[in-house]
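Engineer: First, the structure itself, so that you have it in front of you.
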2 protein chains.
Amino acid sequence: MKLASAVRGGDRAAVAKAISLAEDDPDSAGALMRALRPPRRAFVIGVTGPPGTGKSTLVGRLIDGYRRNGLKVGVVAVDPSSPITGGALLGDRIRMKAYSSDEGVFIRSMASRGWSGGLSRAASDALQILDSAGFEVTILETAGIGQADIEVVGIAHAVLVVLMPGMGDDVQASKAGLMEVGDVYVVNKSDLGGAGQMVSSLFAMLRGSKGRSPAVLTVSALKGEGIDRLMQATEAIRSRLDDGSEELKLRSIRGMVVEAAKAEAMRRVETSSTSKADALAKLVLEGKISVAEAAARLVQ
Amino acid sequence: MKLASAVRGGDRAAVAKAISLAEDDPDSAGALMRALRPPRRAFVIGVTGPPGTGKSTLVGRLIDGYRRNGLKVGVVAVDPSSPITGGALLGDRIRMKAYSSDEGVFIRSMASRGWSGGLSRAASDALQILDSAGFEVTILETAGIGQADIEVVGIAHAVLVVLMPGMGDDVQASKAGLMEVGDVYVVNKSDLGGAGQMVSSLFAMLRGSKGRSPAVLTVSALKGEGIDRLMQATEAIRSRLDDGSEELKLRSIRGMVVEAAKAEAMRRVETSSTSKADALAKLVLEGKISVAEAAARLVQ
């Protein structure tokens, strides 16, 4: 397959085209993804956290850090833009500009348009495309406005949860699972004050999580403070991957398989026979079964 | 079941408790929903559209309109708030205040926390709970920031898509399906100017949709202009429901069944055996199958 070869050769236009295919045409993308097998071994970093915590600035610091280490970096940023404003593309252009003369950086935004399954597959495909094109570090940045955003970073080898001072009570009250997914908790905007208290809150909350000991760091992405320690924390995880950690290698792929399976399962329900759905809806209307019972039968 | 009886009796505290159950404890909610069978026949209005188009103000006008017609109105508003800011609850309190002395109005917000399946089920349950409690008109308001938001209004008998002047090109470029779901297209903020042009754009875009002839209206929800025609448009649909339209009755229930089935399908993938996912991930790592192929096998 010509496109696959061009992607493997690191051709930037081909990479862009392949990612568009993954977004817009899942069927053709399927053939491409088969042609791109097997995966290389890019290190996948997931970055999530609530809006306004400075994730994009932090990602910029990670890009700079890995470029200094001589590694090529690909970024997939999922923007929570309105489906009809196209804001993601604008953000894309602004962010790309900073790296326009650096062939070792590739940034691509995807407008989230709701995580109705399709995006997680497209994002996962995009990461694999960047992997195939020789980007040694790939970063998936999600907006952290919902559970799906947070779950999808499960396809990463290392998950950074970005927070800021003053969010302690909110994180505690959250049901969104931020405290379950992180390998590194980054308290950004440390210059604001209150960062120490936020770190204490995080340690208190993490005490309950068994078998996990995520790192907790304070940084100021804007001022470039604390970035060295952040790089050390992610590099410690990457070195395990390079040492051939089977568990870590499987973690990212398993996450991708599960996300793709969720999308596939939803697609199957959406395309299931309308006559079956109608018959079940009739039973609900007559009070014979509940909506949940009808749903369970429709899934079968 | 005691809670079910209290809900059926219209007890507001019981309704609030039942909706919390639907949000927080799907398993117990399942038993409640079975006890609430069969559905009554509330008219379900779905309201969606991009952020900033004035959906909440418009919903306020609909509440007032239906209250003047002597009908009880229940609202479920899905807020796109950050999972960790609790903004939805604040909005709830402000909105409830306006109707605090009116027993015929019930408003409940749900923080979206991502549409990872769970919310569409919870929202659908909440609408059925309001139905059981005797609310004759129920409104589901979603934020319209993604495809999932837009799809979920498919559980309504009548879908209002709220837009504003100047959005023509954006709607045209949108892949989110706004042009496919509406029964009534409402150009809000008509006082801004450009409303006529927006209406023309909408008619041009709708010309291509076969077998559908949605209404297109201009209103100013803020100033209360055009609300009578909006009420006429929704009442025209409600009268078909009251006339016993089987197709319309099934439409909402079928939508609920499909949404619930999607949630159930995703839940099954999430709880599927990790050993199977691991085995498939290994095959992907070895390059034997693609992620998509592994996903398809995992769904089976």
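We label chains A, B, ... in the order they appear in the structure tokens, count residues from 1 in each chain, and number ligands from 1 in the order shown.
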When DSSP works through the backbone of this structure, what residues of region 123-218 of chain A end up as strand (DSSP E), shown as a PyMOL selection string?

Structural biologist: chain A and resi 137-141+158-163+184-187+215-218

Engineer: Per residue of region 173-252 of chain B within 9 Å of region 58-75 of chain B, note the shortest atom pair and the distance in Å to one decimal, counting only C-alpha atoms, and order the rows by chain and increasing residue number, as CSV.

Structural biologist:
residue,atom,partner,partner_atom,distance
B:Asn188,CA,B:Leu58,CA,8.2
B:Val219,CA,B:Leu58,CA,8.9
B:Ser220,CA,B:Leu58,CA,8.4
B:Ala221,CA,B:Leu58,CA,5.1
B:Leu222,CA,B:Leu58,CA,7.7
B:Gly224,CA,B:Arg61,CA,7.3
B:Ile227,CA,B:Arg61,CA,7.1
B:Asp228,CA,B:Gly65,CA,8.2
B:Leu230,CA,B:Leu62,CA,8.5
B:Met231,CA,B:Gly65,CA,7.0

Engineer: Residues at most 9 Å from region 17-24 of chain B, counting only C-alpha atoms, excluding those fewer than 2 positions away in the same chain, as JSON, numbers by chain?

Structural biologist: {"B": [3, 4, 7, 12, 13, 14, 15, 26, 27, 28, 29, 30, 32, 33, 108, 110, 118, 119, 121, 122, 123, 125, 126, 127, 129, 130]}

Engineer: Produce a file of the selected residues containing C-alpha atoms, as a PDB file, in the first residue's frame.

Structural biologist:
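This went into out_29.pdb:
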ATOM      1  CA  LEU B   3     -39.677   4.664  46.161  1.00  0.00           C
ATOM      2  CA  ALA B   4     -41.567   3.774  42.996  1.00  0.00           C
ATOM      3  CA  VAL B   7     -42.530   8.715  42.553  1.00  0.00           C
ATOM      4  CA  ARG B  12     -40.839  15.720  44.713  1.00  0.00           C
ATOM      5  CA  ALA B  13     -38.302  14.421  47.214  1.00  0.00           C
ATOM      6  CA  ALA B  14     -38.842  10.908  45.876  1.00  0.00           C
ATOM      7  CA  VAL B  15     -38.364  12.131  42.312  1.00  0.00           C
ATOM      8  CA  PRO B  26     -27.353   1.908  37.852  1.00  0.00           C
ATOM      9  CA  ASP B  27     -28.072  -1.482  39.430  1.00  0.00           C
ATOM     10  CA  SER B  28     -30.595  -0.237  42.002  1.00  0.00           C
ATOM     11  CA  ALA B  29     -31.992   2.098  39.360  1.00  0.00           C
ATOM     12  CA  GLY B  30     -32.685  -0.938  37.190  1.00  0.00           C
ATOM     13  CA  LEU B  32     -36.734   1.057  40.203  1.00  0.00           C
ATOM     14  CA  MET B  33     -37.236   1.451  36.477  1.00  0.00           C
ATOM     15  CA  ARG B 108     -32.577  18.691  37.202  1.00  0.00           C
ATOM     16  CA  MET B 110     -26.621  16.366  35.228  1.00  0.00           C
ATOM     17  CA  GLY B 118     -23.708   6.093  31.480  1.00  0.00           C
ATOM     18  CA  LEU B 119     -25.183   9.531  31.126  1.00  0.00           C
ATOM     19  CA  ARG B 121     -28.933   5.960  30.347  1.00  0.00           C
ATOM     20  CA  ALA B 122     -29.233   8.192  33.417  1.00  0.00           C
ATOM     21  CA  ALA B 123     -30.870  10.978  31.394  1.00  0.00           C
ATOM     22  CA  ASP B 125     -34.115   7.095  33.271  1.00  0.00           C
ATOM     23  CA  ALA B 126     -34.649  10.612  34.630  1.00  0.00           C
ATOM     24  CA  LEU B 127     -37.115  11.419  31.854  1.00  0.00           C
ATOM     25  CA  ILE B 129     -39.043   9.059  36.323  1.00  0.00           C
ATOM     26  CA  LEU B 130     -40.504  12.500  35.572  1.00  0.00           C
TER      27      LEU B 130
END

Engineer: Which residue gives the smallest distance to chain B among A:Ser132, A:Val216, A:Phe203, A:Ala35, with only C-alpha atoms counted?

Structural biologist: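 Ranking A:Ser132, A:Val216, A:Phe203, A:Ala35 by distance to chain B, first place goes to A:Ala35.
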
Engineer: Please list as a VMD selection string every residue within 8 Å of Leu140 (chain B), counting only C-alpha atoms and excluding residues in the same chain fewer than 4 positions away.

Structural biologist: chain B and resid 44 to 47 75 to 78 123 127 153 156

Engineer: Any chance you could export the current selection's N, CA and C atoms as a compact mmCIF listing (two decimals), in the first residue's frame?

Structural biologist:
# COMPACT_ATOMS: atom_id res chain seq x y z
N VAL B 44 -41.96 14.19 25.16
CA VAL B 44 -40.54 14.45 25.40
C VAL B 44 -40.00 15.40 24.32
N ILE B 45 -39.51 16.55 24.77
CA ILE B 45 -38.90 17.51 23.85
C ILE B 45 -37.38 17.48 24.05
N GLY B 46 -36.64 17.30 22.99
CA GLY B 46 -35.18 17.37 23.07
C GLY B 46 -34.73 18.74 22.56
N VAL B 47 -33.85 19.37 23.30
CA VAL B 47 -33.34 20.68 22.89
C VAL B 47 -31.83 20.60 22.80
N VAL B 75 -37.67 19.02 33.53
CA VAL B 75 -36.52 19.30 32.66
C VAL B 75 -35.29 18.54 33.14
N VAL B 76 -34.61 17.89 32.21
CA VAL B 76 -33.30 17.30 32.50
C VAL B 76 -32.31 18.03 31.62
N ALA B 77 -31.39 18.77 32.25
CA ALA B 77 -30.41 19.54 31.50
C ALA B 77 -29.04 18.91 31.69
N VAL B 78 -28.42 18.58 30.58
CA VAL B 78 -27.10 17.98 30.66
C VAL B 78 -26.06 19.06 30.47
N ALA B 123 -29.96 9.94 31.88
CA ALA B 123 -30.87 10.98 31.39
C ALA B 123 -32.19 10.36 30.96
N LEU B 127 -35.91 11.02 32.61
CA LEU B 127 -37.11 11.42 31.85
C LEU B 127 -38.28 10.48 32.17
N VAL B 153 -30.63 13.27 21.81
CA VAL B 153 -31.95 13.87 21.70
C VAL B 153 -32.89 13.04 20.83
N ALA B 156 -36.24 11.88 22.07
CA ALA B 156 -37.37 12.81 22.19
C ALA B 156 -38.41 12.58 21.09

Engineer: Using DSSP on the backbone, list every residue of region 208-262 of chain A that comes out as alpha helix (DSSP H), and give them as a PyMOL selection string.

Structural biologist: chain A and resi 227-242+246-262

Engineer: Deliver the residues from the most recent selection as a file, using C-alpha atoms, as a PDB file, in the first residue's frame.

Structural biologist:
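Writing the result to again.pdb gives the following:
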ATOM      1  CA  ILE A 227      10.132  20.613  34.031  1.00  0.00           C
ATOM      2  CA  ASP A 228      13.367  18.685  34.655  1.00  0.00           C
ATOM      3  CA  ARG A 229      11.701  16.631  37.376  1.00  0.00           C
ATOM      4  CA  LEU A 230       8.715  16.059  35.130  1.00  0.00           C
ATOM      5  CA  MET A 231      11.002  14.809  32.370  1.00  0.00           C
ATOM      6  CA  GLN A 232      12.744  12.533  34.882  1.00  0.00           C
ATOM      7  CA  ALA A 233       9.395  11.076  35.902  1.00  0.00           C
ATOM      8  CA  THR A 234       8.299  10.317  32.341  1.00  0.00           C
ATOM      9  CA  GLU A 235      11.766   9.130  31.349  1.00  0.00           C
ATOM     10  CA  ALA A 236      11.737   6.678  34.250  1.00  0.00           C
ATOM     11  CA  ILE A 237       8.632   5.107  32.729  1.00  0.00           C
ATOM     12  CA  ARG A 238      10.061   5.174  29.202  1.00  0.00           C
ATOM     13  CA  SER A 239      13.205   3.406  30.348  1.00  0.00           C
ATOM     14  CA  ARG A 240      11.070   0.517  31.593  1.00  0.00           C
ATOM     15  CA  LEU A 241       9.547   0.324  28.115  1.00  0.00           C
ATOM     16  CA  ASP A 242      12.993   0.320  26.534  1.00  0.00           C
ATOM     17  CA  GLU A 246       6.118  -6.757  28.513  1.00  0.00           C
ATOM     18  CA  GLU A 247       3.456  -5.457  30.885  1.00  0.00           C
ATOM     19  CA  LEU A 248       4.046  -1.845  29.838  1.00  0.00           C
ATOM     20  CA  LYS A 249       4.140  -2.693  26.125  1.00  0.00           C
ATOM     21  CA  LEU A 250       0.867  -4.570  26.430  1.00  0.00           C
ATOM     22  CA  ARG A 251      -0.777  -1.806  28.470  1.00  0.00           C
ATOM     23  CA  SER A 252      -0.948   0.679  25.609  1.00  0.00           C
ATOM     24  CA  ILE A 253      -1.986  -1.860  22.986  1.00  0.00           C
ATOM     25  CA  ARG A 254      -4.581  -3.389  25.321  1.00  0.00           C
ATOM     26  CA  GLY A 255      -6.002   0.092  25.922  1.00  0.00           C
ATOM     27  CA  MET A 256      -6.232   0.672  22.184  1.00  0.00           C
ATOM     28  CA  VAL A 257      -7.933  -2.668  21.648  1.00  0.00           C
ATOM     29  CA  VAL A 258     -10.482  -1.973  24.402  1.00  0.00           C
ATOM     30  CA  GLU A 259     -11.236   1.550  23.126  1.00  0.00           C
ATOM     31  CA  ALA A 260     -11.641   0.248  19.590  1.00  0.00           C
ATOM     32  CA  ALA A 261     -13.867  -2.554  20.855  1.00  0.00           C
ATOM     33  CA  LYS A 262     -16.118  -0.056  22.652  1.00  0.00           C
TER      34      LYS A 262
END

Engineer: Just the number, please: distance in Å from CA of Ala296 (chain A) to CA of Ala263 (chain A), one decimal.

Structural biologist: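 About the pair CA of Ala296 (chain A) and CA of Ala263 (chain A): they are 17.4 Å apart.
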
Engineer: Determine the nearest neighbour of Arg8 (chain A) from the options A:Gly52, A:Gly182, A:Gly134, A:Gly287, counting only C-alpha atoms.

Structural biologist: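 Distance minimum relative to Arg8 (chain A) lands on A:Gly134.
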
Engineer: Which residue is closest to chain A? Choose from B:Gly226, B:Gly177, B:Pro165, B:Gly54 and count only C-alpha atoms.

Structural biologist: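 Nearest to chain A: B:Gly177.
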
Engineer: Give me, please, the distance in Å between CA of Gly166 (chain A) and CA of Glu180 (chain A), quoted to one decimal.

Structural biologist: 19.5 Å
